[in-house]
file coords.cif (mmCIF, N, CA and C atoms)
data_start
#
loop_
_atom_site.group_PDB
_atom_site.id
_atom_site.type_symbol
_atom_site.label_atom_id
_atom_site.label_comp_id
_atom_site.auth_asym_id
_atom_site.auth_seq_id
_atom_site.Cartn_x
_atom_site.Cartn_y
_atom_site.Cartn_z
ATOM 1 N N LEU A 14 0.505 76.980 30.831
ATOM 2 C CA LEU A 14 0.788 77.352 29.460
ATOM 3 C C LEU A 14 0.651 78.864 29.345
ATOM 4 N N PRO A 15 1.705 79.534 29.014
ATOM 5 C CA PRO A 15 1.619 80.996 28.880
ATOM 6 C C PRO A 15 0.688 81.399 27.738
ATOM 7 N N ILE A 16 -0.201 82.324 28.015
ATOM 8 C CA ILE A 16 -1.150 82.777 27.002
ATOM 9 C C ILE A 16 -0.426 83.422 25.831
ATOM 10 N N TRP A 17 0.685 84.095 26.111
ATOM 11 C CA TRP A 17 1.420 84.740 25.016
ATOM 12 C C TRP A 17 1.900 83.708 23.999
ATOM 13 N N LEU A 18 2.147 82.474 24.455
ATOM 14 C CA LEU A 18 2.591 81.423 23.553
ATOM 15 C C LEU A 18 1.496 81.093 22.545
ATOM 16 N N VAL A 19 0.264 81.032 23.026
ATOM 17 C CA VAL A 19 -0.869 80.758 22.139
ATOM 18 C C VAL A 19 -1.021 81.904 21.142
ATOM 19 N N GLY A 20 -0.878 83.135 21.625
ATOM 20 C CA GLY A 20 -0.960 84.289 20.739
ATOM 21 C C GLY A 20 0.133 84.294 19.684
ATOM 22 N N ALA A 21 1.330 83.915 20.083
ATOM 23 C CA ALA A 21 2.444 83.862 19.134
ATOM 24 C C ALA A 21 2.190 82.798 18.067
ATOM 25 N N ALA A 22 1.707 81.652 18.493
ATOM 26 C CA ALA A 22 1.404 80.587 17.533
ATOM 27 C C ALA A 22 0.312 81.030 16.575
ATOM 28 N N ASP A 23 -0.708 81.679 17.097
ATOM 29 C CA ASP A 23 -1.798 82.171 16.268
ATOM 30 C C ASP A 23 -1.295 83.205 15.261
ATOM 31 N N ALA A 24 -0.398 84.079 15.696
ATOM 32 C CA ALA A 24 0.166 85.096 14.804
ATOM 33 C C ALA A 24 0.982 84.452 13.681
ATOM 34 N N LEU A 25 1.719 83.403 13.995
ATOM 35 C CA LEU A 25 2.483 82.700 12.966
ATOM 36 C C LEU A 25 1.560 82.089 11.919
ATOM 37 N N VAL A 26 0.476 81.471 12.385
ATOM 38 C CA VAL A 26 -0.480 80.872 11.456
ATOM 39 C C VAL A 26 -1.100 81.958 10.581
ATOM 40 N N ALA A 27 -1.488 83.075 11.204
ATOM 41 C CA ALA A 27 -2.095 84.177 10.458
ATOM 42 C C ALA A 27 -1.130 84.762 9.426
ATOM 43 N N ALA A 28 0.173 84.673 9.699
ATOM 44 C CA ALA A 28 1.189 85.197 8.784
ATOM 45 C C ALA A 28 1.597 84.173 7.722
ATOM 46 N N GLY A 29 0.898 83.038 7.673
ATOM 47 C CA GLY A 29 1.195 82.039 6.669
ATOM 48 C C GLY A 29 2.235 81.014 7.081
ATOM 49 N N ARG A 30 2.677 81.081 8.316
ATOM 50 C CA ARG A 30 3.680 80.118 8.811
ATOM 51 C C ARG A 30 2.981 79.067 9.663
ATOM 52 N N THR A 31 2.038 78.395 9.041
ATOM 53 C CA THR A 31 1.177 77.429 9.724
ATOM 54 C C THR A 31 1.968 76.334 10.424
ATOM 55 N N ALA A 32 2.942 75.757 9.756
ATOM 56 C CA ALA A 32 3.715 74.659 10.349
ATOM 57 C C ALA A 32 4.422 75.116 11.628
ATOM 58 N N ASP A 33 4.988 76.313 11.608
ATOM 59 C CA ASP A 33 5.672 76.829 12.798
ATOM 60 C C ASP A 33 4.684 77.066 13.941
ATOM 61 N N GLY A 34 3.537 77.656 13.619
ATOM 62 C CA GLY A 34 2.522 77.903 14.639
ATOM 63 C C GLY A 34 2.001 76.618 15.241
ATOM 64 N N GLU A 35 1.758 75.622 14.403
ATOM 65 C CA GLU A 35 1.264 74.337 14.894
ATOM 66 C C GLU A 35 2.311 73.634 15.757
ATOM 67 N N GLN A 36 3.572 73.766 15.388
ATOM 68 C CA GLN A 36 4.634 73.146 16.193
ATOM 69 C C GLN A 36 4.688 73.764 17.585
ATOM 70 N N ILE A 37 4.579 75.076 17.666
ATOM 71 C CA ILE A 37 4.585 75.756 18.968
ATOM 72 C C ILE A 37 3.412 75.264 19.816
ATOM 73 N N LEU A 38 2.235 75.149 19.208
ATOM 74 C CA LEU A 38 1.072 74.682 19.959
ATOM 75 C C LEU A 38 1.243 73.235 20.414
ATOM 76 N N ARG A 39 1.774 72.387 19.537
ATOM 77 C CA ARG A 39 1.994 70.981 19.935
ATOM 78 C C ARG A 39 2.926 70.889 21.131
ATOM 79 N N GLN A 40 3.961 71.715 21.134
ATOM 80 C CA GLN A 40 4.881 71.719 22.266
ATOM 81 C C GLN A 40 4.186 72.265 23.514
ATOM 82 N N GLY A 41 3.363 73.279 23.341
ATOM 83 C CA GLY A 41 2.661 73.888 24.470
ATOM 84 C C GLY A 41 1.635 72.976 25.095
ATOM 85 N N VAL A 42 0.965 72.158 24.287
ATOM 86 C CA VAL A 42 -0.079 71.296 24.840
ATOM 87 C C VAL A 42 0.484 70.080 25.552
ATOM 88 N N ALA A 43 1.778 69.966 25.617
ATOM 89 C CA ALA A 43 2.400 68.901 26.399
ATOM 90 C C ALA A 43 2.370 69.226 27.895
ATOM 91 N N ARG A 44 1.950 70.428 28.235
ATOM 92 C CA ARG A 44 1.848 70.846 29.638
ATOM 93 C C ARG A 44 0.785 70.004 30.346
ATOM 94 N N PRO A 45 0.788 69.963 31.675
ATOM 95 C CA PRO A 45 -0.231 69.212 32.410
ATOM 96 C C PRO A 45 -1.647 69.661 32.043
ATOM 97 N N ALA A 46 -2.575 68.722 32.069
ATOM 98 C CA ALA A 46 -3.962 68.977 31.676
ATOM 99 C C ALA A 46 -4.568 70.157 32.431
ATOM 100 N N GLU A 47 -4.291 70.255 33.714
ATOM 101 C CA GLU A 47 -4.854 71.333 34.519
ATOM 102 C C GLU A 47 -4.399 72.702 34.000
ATOM 103 N N GLU A 48 -3.153 72.795 33.562
ATOM 104 C CA GLU A 48 -2.630 74.059 33.031
ATOM 105 C C GLU A 48 -3.317 74.423 31.718
ATOM 106 N N ILE A 49 -3.629 73.427 30.920
ATOM 107 C CA ILE A 49 -4.329 73.697 29.662
ATOM 108 C C ILE A 49 -5.704 74.270 29.971
ATOM 109 N N GLY A 50 -6.411 73.651 30.905
ATOM 110 C CA GLY A 50 -7.728 74.164 31.296
ATOM 111 C C GLY A 50 -7.660 75.591 31.792
ATOM 112 N N GLU A 51 -6.677 75.889 32.616
ATOM 113 C CA GLU A 51 -6.518 77.250 33.144
ATOM 114 C C GLU A 51 -6.180 78.240 32.031
ATOM 115 N N ALA A 52 -5.348 77.818 31.084
ATOM 116 C CA ALA A 52 -4.997 78.698 29.961
ATOM 117 C C ALA A 52 -6.225 79.001 29.110
ATOM 118 N N VAL A 53 -7.054 77.984 28.876
ATOM 119 C CA VAL A 53 -8.263 78.204 28.088
ATOM 120 C C VAL A 53 -9.197 79.168 28.816
ATOM 121 N N LEU A 54 -9.333 79.001 30.121
ATOM 122 C CA LEU A 54 -10.193 79.914 30.884
ATOM 123 C C LEU A 54 -9.676 81.346 30.820
ATOM 124 N N ALA A 55 -8.376 81.514 30.851
ATOM 125 C CA ALA A 55 -7.801 82.857 30.736
ATOM 126 C C ALA A 55 -8.096 83.447 29.358
ATOM 127 N N LEU A 56 -8.013 82.627 28.327
ATOM 128 C CA LEU A 56 -8.334 83.097 26.980
ATOM 129 C C LEU A 56 -9.816 83.437 26.862
ATOM 130 N N VAL A 57 -10.672 82.640 27.506
ATOM 131 C CA VAL A 57 -12.115 82.923 27.514
ATOM 132 C C VAL A 57 -12.367 84.278 28.164
ATOM 133 N N ALA A 58 -11.708 84.532 29.285
ATOM 134 C CA ALA A 58 -11.889 85.794 30.011
ATOM 135 C C ALA A 58 -11.485 86.991 29.148
ATOM 136 N N GLU A 59 -10.546 86.782 28.244
ATOM 137 C CA GLU A 59 -10.084 87.852 27.370
ATOM 138 C C GLU A 59 -10.839 87.891 26.043
ATOM 139 N N GLY A 60 -11.771 86.949 25.854
ATOM 140 C CA GLY A 60 -12.551 86.917 24.623
ATOM 141 C C GLY A 60 -11.767 86.514 23.389
ATOM 142 N N ARG A 61 -10.756 85.703 23.562
ATOM 143 C CA ARG A 61 -9.849 85.344 22.454
ATOM 144 C C ARG A 61 -10.256 84.001 21.836
ATOM 145 N N ARG A 62 -11.389 84.004 21.131
ATOM 146 C CA ARG A 62 -11.973 82.789 20.562
ATOM 147 C C ARG A 62 -11.042 82.087 19.566
ATOM 148 N N ARG A 63 -10.392 82.844 18.695
ATOM 149 C CA ARG A 63 -9.529 82.213 17.694
ATOM 150 C C ARG A 63 -8.396 81.454 18.365
ATOM 151 N N GLU A 64 -7.792 82.046 19.402
ATOM 152 C CA GLU A 64 -6.711 81.379 20.112
ATOM 153 C C GLU A 64 -7.215 80.151 20.871
ATOM 154 N N ILE A 65 -8.432 80.242 21.414
ATOM 155 C CA ILE A 65 -9.024 79.095 22.104
ATOM 156 C C ILE A 65 -9.161 77.937 21.126
ATOM 157 N N ARG A 66 -9.716 78.221 19.962
ATOM 158 C CA ARG A 66 -9.905 77.165 18.959
ATOM 159 C C ARG A 66 -8.562 76.557 18.538
ATOM 160 N N ALA A 67 -7.564 77.400 18.325
ATOM 161 C CA ALA A 67 -6.252 76.898 17.894
ATOM 162 C C ALA A 67 -5.633 76.008 18.974
ATOM 163 N N LEU A 68 -5.692 76.461 20.212
ATOM 164 C CA LEU A 68 -5.110 75.692 21.318
ATOM 165 C C LEU A 68 -5.825 74.357 21.495
ATOM 166 N N LEU A 69 -7.151 74.388 21.551
ATOM 167 C CA LEU A 69 -7.884 73.150 21.780
ATOM 168 C C LEU A 69 -7.822 72.205 20.591
ATOM 169 N N ASP A 70 -7.741 72.742 19.393
ATOM 170 C CA ASP A 70 -7.586 71.889 18.219
ATOM 171 C C ASP A 70 -6.290 71.092 18.320
ATOM 172 N N ALA A 71 -5.203 71.775 18.658
ATOM 173 C CA ALA A 71 -3.923 71.077 18.827
ATOM 174 C C ALA A 71 -3.990 70.100 19.994
ATOM 175 N N TYR A 72 -4.639 70.511 21.045
ATOM 176 C CA TYR A 72 -4.719 69.700 22.269
ATOM 177 C C TYR A 72 -5.421 68.364 22.024
ATOM 178 N N VAL A 73 -6.602 68.404 21.394
ATOM 179 C CA VAL A 73 -7.337 67.146 21.195
ATOM 180 C C VAL A 73 -6.668 66.240 20.174
ATOM 181 N N ARG A 74 -5.817 66.804 19.338
ATOM 182 C CA ARG A 74 -5.108 65.980 18.353
ATOM 183 C C ARG A 74 -3.859 65.319 18.935
ATOM 184 N N VAL A 75 -3.298 65.915 19.984
ATOM 185 C CA VAL A 75 -2.040 65.430 20.543
ATOM 186 C C VAL A 75 -2.253 64.568 21.791
ATOM 187 N N ARG A 76 -3.174 64.959 22.634
ATOM 188 C CA ARG A 76 -3.361 64.273 23.910
ATOM 189 C C ARG A 76 -4.424 63.184 23.820
ATOM 190 N N THR A 77 -4.370 62.234 24.741
ATOM 191 C CA THR A 77 -5.387 61.183 24.773
ATOM 192 C C THR A 77 -6.707 61.783 25.250
ATOM 193 N N PRO A 78 -7.817 61.131 24.933
ATOM 194 C CA PRO A 78 -9.108 61.627 25.414
ATOM 195 C C PRO A 78 -9.167 61.702 26.948
ATOM 196 N N GLU A 79 -8.526 60.766 27.617
ATOM 197 C CA GLU A 79 -8.522 60.762 29.085
ATOM 198 C C GLU A 79 -7.775 61.974 29.639
ATOM 199 N N GLU A 80 -6.663 62.312 29.008
ATOM 200 C CA GLU A 80 -5.913 63.504 29.428
ATOM 201 C C GLU A 80 -6.729 64.762 29.166
ATOM 202 N N ALA A 81 -7.345 64.813 28.003
ATOM 203 C CA ALA A 81 -8.161 65.976 27.660
ATOM 204 C C ALA A 81 -9.311 66.133 28.658
ATOM 205 N N ALA A 82 -9.921 65.035 29.061
ATOM 206 C CA ALA A 82 -11.032 65.095 30.017
ATOM 207 C C ALA A 82 -10.584 65.697 31.344
ATOM 208 N N ARG A 83 -9.361 65.435 31.754
ATOM 209 C CA ARG A 83 -8.859 65.996 33.021
ATOM 210 C C ARG A 83 -8.718 67.518 32.966
ATOM 211 N N SER A 84 -8.579 68.073 31.782
ATOM 212 C CA SER A 84 -8.363 69.510 31.663
ATOM 213 C C SER A 84 -9.605 70.337 31.977
ATOM 214 N N VAL A 85 -10.769 69.714 32.052
ATOM 215 C CA VAL A 85 -12.003 70.480 32.287
ATOM 216 C C VAL A 85 -12.308 70.681 33.766
ATOM 217 N N ALA A 86 -11.540 70.104 34.645
ATOM 218 C CA ALA A 86 -11.847 70.122 36.080
ATOM 219 C C ALA A 86 -12.010 71.532 36.647
ATOM 220 N N ALA A 87 -11.265 72.498 36.150
ATOM 221 C CA ALA A 87 -11.314 73.852 36.704
ATOM 222 C C ALA A 87 -12.672 74.509 36.512
ATOM 223 N N ASP A 88 -13.358 74.213 35.410
ATOM 224 C CA ASP A 88 -14.670 74.803 35.133
ATOM 225 C C ASP A 88 -15.365 73.986 34.049
ATOM 226 N N PRO A 89 -15.923 72.833 34.432
ATOM 227 C CA PRO A 89 -16.538 71.956 33.435
ATOM 228 C C PRO A 89 -17.627 72.637 32.600
ATOM 229 N N GLN A 90 -18.388 73.522 33.207
ATOM 230 C CA GLN A 90 -19.487 74.174 32.488
ATOM 231 C C GLN A 90 -18.977 74.953 31.277
ATOM 232 N N GLN A 91 -17.847 75.619 31.417
ATOM 233 C CA GLN A 91 -17.277 76.371 30.291
ATOM 234 C C GLN A 91 -16.409 75.502 29.395
ATOM 235 N N LEU A 92 -15.627 74.612 30.007
ATOM 236 C CA LEU A 92 -14.608 73.896 29.241
ATOM 237 C C LEU A 92 -15.124 72.699 28.460
ATOM 238 N N VAL A 93 -16.113 71.981 28.978
ATOM 239 C CA VAL A 93 -16.609 70.795 28.265
ATOM 240 C C VAL A 93 -17.111 71.154 26.863
ATOM 241 N N PRO A 94 -17.984 72.166 26.706
ATOM 242 C CA PRO A 94 -18.452 72.476 25.349
ATOM 243 C C PRO A 94 -17.323 72.905 24.393
ATOM 244 N N LEU A 95 -16.367 73.660 24.908
ATOM 245 C CA LEU A 95 -15.250 74.095 24.062
ATOM 246 C C LEU A 95 -14.399 72.915 23.616
ATOM 247 N N LEU A 96 -14.141 72.020 24.543
ATOM 248 C CA LEU A 96 -13.327 70.850 24.226
ATOM 249 C C LEU A 96 -14.050 69.934 23.245
ATOM 250 N N LEU A 97 -15.351 69.739 23.447
ATOM 251 C CA LEU A 97 -16.118 68.891 22.535
ATOM 252 C C LEU A 97 -16.188 69.493 21.134
ATOM 253 N N GLU A 98 -16.297 70.809 21.051
ATOM 254 C CA GLU A 98 -16.308 71.485 19.754
ATOM 255 C C GLU A 98 -14.990 71.239 19.015
ATOM 256 N N ALA A 99 -13.884 71.327 19.743
ATOM 257 C CA ALA A 99 -12.580 71.086 19.130
ATOM 258 C C ALA A 99 -12.452 69.633 18.680
ATOM 259 N N ALA A 100 -12.911 68.715 19.509
ATOM 260 C CA ALA A 100 -12.822 67.294 19.162
ATOM 261 C C ALA A 100 -13.676 66.978 17.933
ATOM 262 N N LYS A 101 -14.853 67.573 17.866
ATOM 263 C CA LYS A 101 -15.735 67.356 16.712
ATOM 264 C C LYS A 101 -15.057 67.860 15.441
ATOM 265 N N GLY A 102 -14.343 68.978 15.556
ATOM 266 C CA GLY A 102 -13.620 69.517 14.403
ATOM 267 C C GLY A 102 -12.469 68.636 13.969
ATOM 268 N N ALA A 103 -11.909 67.875 14.906
ATOM 269 C CA ALA A 103 -10.793 66.983 14.576
ATOM 270 C C ALA A 103 -11.293 65.755 13.820
ATOM 271 N N SER A 104 -12.294 65.082 14.387
ATOM 272 C CA SER A 104 -12.891 63.906 13.731
ATOM 273 C C SER A 104 -14.053 63.404 14.579
ATOM 274 N N ASP A 105 -14.929 62.635 13.948
ATOM 275 C CA ASP A 105 -16.035 62.034 14.703
ATOM 276 C C ASP A 105 -15.501 61.074 15.757
ATOM 277 N N GLU A 106 -14.469 60.322 15.403
ATOM 278 C CA GLU A 106 -13.884 59.372 16.349
ATOM 279 C C GLU A 106 -13.309 60.094 17.568
ATOM 280 N N CYS A 107 -12.597 61.187 17.330
ATOM 281 C CA CYS A 107 -12.025 61.979 18.419
ATOM 282 C C CYS A 107 -13.143 62.493 19.329
ATOM 283 N N HIS A 108 -14.226 62.965 18.714
ATOM 284 C CA HIS A 108 -15.357 63.484 19.477
ATOM 285 C C HIS A 108 -15.961 62.409 20.373
ATOM 286 N N TRP A 109 -16.257 61.251 19.799
ATOM 287 C CA TRP A 109 -16.893 60.193 20.594
ATOM 288 C C TRP A 109 -15.962 59.628 21.661
ATOM 289 N N ASP A 110 -14.674 59.547 21.355
ATOM 290 C CA ASP A 110 -13.711 59.107 22.370
ATOM 291 C C ASP A 110 -13.672 60.086 23.538
ATOM 292 N N LEU A 111 -13.747 61.371 23.234
ATOM 293 C CA LEU A 111 -13.744 62.380 24.293
ATOM 294 C C LEU A 111 -15.044 62.344 25.088
ATOM 295 N N VAL A 112 -16.177 62.177 24.419
ATOM 296 C CA VAL A 112 -17.459 62.052 25.130
ATOM 297 C C VAL A 112 -17.375 60.913 26.135
ATOM 298 N N HIS A 113 -16.852 59.789 25.702
ATOM 299 C CA HIS A 113 -16.716 58.626 26.596
ATOM 300 C C HIS A 113 -15.773 58.944 27.762
ATOM 301 N N ALA A 114 -14.625 59.536 27.470
ATOM 302 C CA ALA A 114 -13.650 59.863 28.516
ATOM 303 C C ALA A 114 -14.235 60.853 29.528
ATOM 304 N N LEU A 115 -15.002 61.816 29.052
ATOM 305 C CA LEU A 115 -15.632 62.775 29.965
ATOM 306 C C LEU A 115 -16.634 62.075 30.876
ATOM 307 N N ARG A 116 -17.420 61.185 30.325
ATOM 308 C CA ARG A 116 -18.399 60.444 31.131
ATOM 309 C C ARG A 116 -17.701 59.591 32.190
ATOM 310 N N VAL A 117 -16.658 58.894 31.784
ATOM 311 C CA VAL A 117 -15.904 58.048 32.719
ATOM 312 C C VAL A 117 -15.305 58.908 33.847
ATOM 313 N N ALA A 118 -14.871 60.126 33.492
ATOM 314 C CA ALA A 118 -14.265 61.032 34.480
ATOM 315 C C ALA A 118 -15.318 61.729 35.335
ATOM 316 N N GLY A 119 -16.597 61.517 35.033
ATOM 317 C CA GLY A 119 -17.663 62.099 35.848
ATOM 318 C C GLY A 119 -18.167 63.444 35.375
ATOM 319 N N PHE A 120 -17.855 63.799 34.133
ATOM 320 C CA PHE A 120 -18.324 65.064 33.575
ATOM 321 C C PHE A 120 -19.373 64.771 32.517
ATOM 322 N N SER A 121 -20.485 65.475 32.569
ATOM 323 C CA SER A 121 -21.518 65.240 31.567
ATOM 324 C C SER A 121 -21.098 65.882 30.253
ATOM 325 N N ALA A 122 -21.325 65.144 29.208
ATOM 326 C CA ALA A 122 -20.910 65.624 27.885
ATOM 327 C C ALA A 122 -22.108 65.898 27.014
#

call {"tool": "encode", "arguments": {"input": "coords.cif", "output": "structure tokens"}}
result
Amino acid sequence: LPIWLVGAADALVAAGRTADGEQILRQGVARPAEEIGEAVLALVAEGRRREIRALLDAYVRVRTPEEAARSVAADPQQLVPLLLEAAKGASDECHWDLVHALRVAGFSA
């Protein structure tokens, strides 16, 4: 997932074009789980918290908990807390489903 895509979506939301920004993110999160994890790590390295939240919020709403759990493989220590924070923001059900999926996948939640 190109980082510039996340930035563009974030800029659209900031400019009041929320629906357009969310659509771009929904399309972007269709990428393989591993690519999402790598994109989040790149955003972390750049200190882009707002973009991380926007990307993961869209991700946990669109993908299954099992798919989301696969995205943490690159760096579970950094990615698990970020993903759980996004899931908690989506709903309690989303959060608990992700906790379960992470445990099943062998990642402590």

call {"tool": "residues_around", "arguments": {"input": "coords.cif", "residues": "region 16-24 of chain A", "least_positions_apart": "2", "cutoff": "6.5 Å", "atoms": "only N, CA and C atoms", "output": "ChimeraX atom specification"}}
result
/A:14,26-29,33-35,37-38,52,64

call {"tool": "residues_around", "arguments": {"input": "coords.cif", "residues": "Ser84 (chain A)", "least_positions_apart": "3", "cutoff": "6 Å", "atoms": "all atoms listed in the file", "output": "ChimeraX atom specification"}}
result
/A:46-47,49-50,80-81,87

call {"tool": "residues_around", "arguments": {"input": "coords.cif", "residues": "region 69-75 of chain A", "least_positions_apart": "5", "cutoff": "10 Å", "atoms": "only C-alpha atoms", "output": "number ranges by chain"}}
result
A: 35-44, 46, 49-50, 53, 64, 80-82, 95-104, 107-108, 111

call {"tool": "atom_distance", "arguments": {"input": "coords.cif", "atom1": "CA of Glu59 (chain A)", "atom2": "CA of Pro45 (chain A)"}}
result
21.7 Å

call {"tool": "atom_distance", "arguments": {"input": "coords.cif", "atom1": "atom C of Val57 (chain A)", "atom2": "atom N of Ala86 (chain A)"}}
result
15.6 Å

call {"tool": "select_by_dssp", "arguments": {"input": "coords.cif", "residues": "region 51-81 of chain A", "states": "alpha helix (DSSP H)", "output": "list in words"}}
result
Glu51, Ala52, Val53, Leu54, Ala55, Leu56, Val57, Ala58, Arg62, Arg63, Glu64, Ile65, Arg66, Ala67, Leu68, Leu69, Asp70, Ala71, Tyr72, Val73, Arg74, Val75, Pro78, Glu79, Glu80 and Ala81 of chain A

call {"tool": "residues_around", "arguments": {"input": "coords.cif", "residues": "Leu54 (chain A)", "least_positions_apart": "5", "cutoff": "10 Å", "atoms": "only C-alpha atoms", "output": "VMD selection string"}}
result
chain A and resid 48 to 49 59 to 60 65 85 87 to 88 91 to 92

call {"tool": "atom_distance", "arguments": {"input": "coords.cif", "atom1": "CA of Arg63 (chain A)", "atom2": "CA of Glu51 (chain A)"}}
result
16.5 Å

call {"tool": "closest_residue", "arguments": {"input": "coords.cif", "among": "A:Val117, A:Arg83, A:Pro15, A:Glu106", "to": "Leu68 (chain A)", "atoms": "only C-alpha atoms"}}
result
A:Pro15

call {"tool": "axis_aligned_box", "arguments": {"input": "coords.cif", "around": "region 21-39 of chain A", "padding_each_side": "8 Å", "output": "lines of an AutoDock Vina configuration file"}}
result
center_x = 1.8
center_y = 78.0
center_z = 13.9
size_x = 23.8
size_y = 30.3
size_z = 30.5

call {"tool": "resolve_selection", "arguments": {"input": "coords.cif", "expression": "the PyMOL selection byres (((chain A and resi 116 and name CA) around 12) and name CA)", "output": "MDAnalysis selection string"}}
result
chainID A and resid 78:79 82:83 85 89 93 109:115 117:122

call {"tool": "write_last_selection", "arguments": {"input": "coords.cif", "atoms": "N, CA and C atoms", "output": "mmCIF file, in the coordinates of the input"}}
result
data_model
loop_
_atom_site.group_PDB
_atom_site.id
_atom_site.type_symbol
_atom_site.label_atom_id
_atom_site.label_comp_id
_atom_site.auth_asym_id
_atom_site.auth_seq_id
_atom_site.Cartn_x
_atom_site.Cartn_y
_atom_site.Cartn_z
ATOM 1 N N PRO A 78 -7.817 61.131 24.933
ATOM 2 C CA PRO A 78 -9.108 61.627 25.414
ATOM 3 C C PRO A 78 -9.167 61.702 26.948
ATOM 4 N N GLU A 79 -8.526 60.766 27.617
ATOM 5 C CA GLU A 79 -8.522 60.762 29.085
ATOM 6 C C GLU A 79 -7.775 61.974 29.639
ATOM 7 N N ALA A 82 -9.921 65.035 29.061
ATOM 8 C CA ALA A 82 -11.032 65.095 30.017
ATOM 9 C C ALA A 82 -10.584 65.697 31.344
ATOM 10 N N ARG A 83 -9.361 65.435 31.754
ATOM 11 C CA ARG A 83 -8.859 65.996 33.021
ATOM 12 C C ARG A 83 -8.718 67.518 32.966
ATOM 13 N N VAL A 85 -10.769 69.714 32.052
ATOM 14 C CA VAL A 85 -12.003 70.480 32.287
ATOM 15 C C VAL A 85 -12.308 70.681 33.766
ATOM 16 N N PRO A 89 -15.923 72.833 34.432
ATOM 17 C CA PRO A 89 -16.538 71.956 33.435
ATOM 18 C C PRO A 89 -17.627 72.637 32.600
ATOM 19 N N VAL A 93 -16.113 71.981 28.978
ATOM 20 C CA VAL A 93 -16.609 70.795 28.265
ATOM 21 C C VAL A 93 -17.111 71.154 26.863
ATOM 22 N N TRP A 109 -16.257 61.251 19.799
ATOM 23 C CA TRP A 109 -16.893 60.193 20.594
ATOM 24 C C TRP A 109 -15.962 59.628 21.661
ATOM 25 N N ASP A 110 -14.674 59.547 21.355
ATOM 26 C CA ASP A 110 -13.711 59.107 22.370
ATOM 27 C C ASP A 110 -13.672 60.086 23.538
ATOM 28 N N LEU A 111 -13.747 61.371 23.234
ATOM 29 C CA LEU A 111 -13.744 62.380 24.293
ATOM 30 C C LEU A 111 -15.044 62.344 25.088
ATOM 31 N N VAL A 112 -16.177 62.177 24.419
ATOM 32 C CA VAL A 112 -17.459 62.052 25.130
ATOM 33 C C VAL A 112 -17.375 60.913 26.135
ATOM 34 N N HIS A 113 -16.852 59.789 25.702
ATOM 35 C CA HIS A 113 -16.716 58.626 26.596
ATOM 36 C C HIS A 113 -15.773 58.944 27.762
ATOM 37 N N ALA A 114 -14.625 59.536 27.470
ATOM 38 C CA ALA A 114 -13.650 59.863 28.516
ATOM 39 C C ALA A 114 -14.235 60.853 29.528
ATOM 40 N N LEU A 115 -15.002 61.816 29.052
ATOM 41 C CA LEU A 115 -15.632 62.775 29.965
ATOM 42 C C LEU A 115 -16.634 62.075 30.876
ATOM 43 N N VAL A 117 -16.658 58.894 31.784
ATOM 44 C CA VAL A 117 -15.904 58.048 32.719
ATOM 45 C C VAL A 117 -15.305 58.908 33.847
ATOM 46 N N ALA A 118 -14.871 60.126 33.492
ATOM 47 C CA ALA A 118 -14.265 61.032 34.480
ATOM 48 C C ALA A 118 -15.318 61.729 35.335
ATOM 49 N N GLY A 119 -16.597 61.517 35.033
ATOM 50 C CA GLY A 119 -17.663 62.099 35.848
ATOM 51 C C GLY A 119 -18.167 63.444 35.375
ATOM 52 N N PHE A 120 -17.855 63.799 34.133
ATOM 53 C CA PHE A 120 -18.324 65.064 33.575
ATOM 54 C C PHE A 120 -19.373 64.771 32.517
ATOM 55 N N SER A 121 -20.485 65.475 32.569
ATOM 56 C CA SER A 121 -21.518 65.240 31.567
ATOM 57 C C SER A 121 -21.098 65.882 30.253
ATOM 58 N N ALA A 122 -21.325 65.144 29.208
ATOM 59 C CA ALA A 122 -20.910 65.624 27.885
ATOM 60 C C ALA A 122 -22.108 65.898 27.014
#
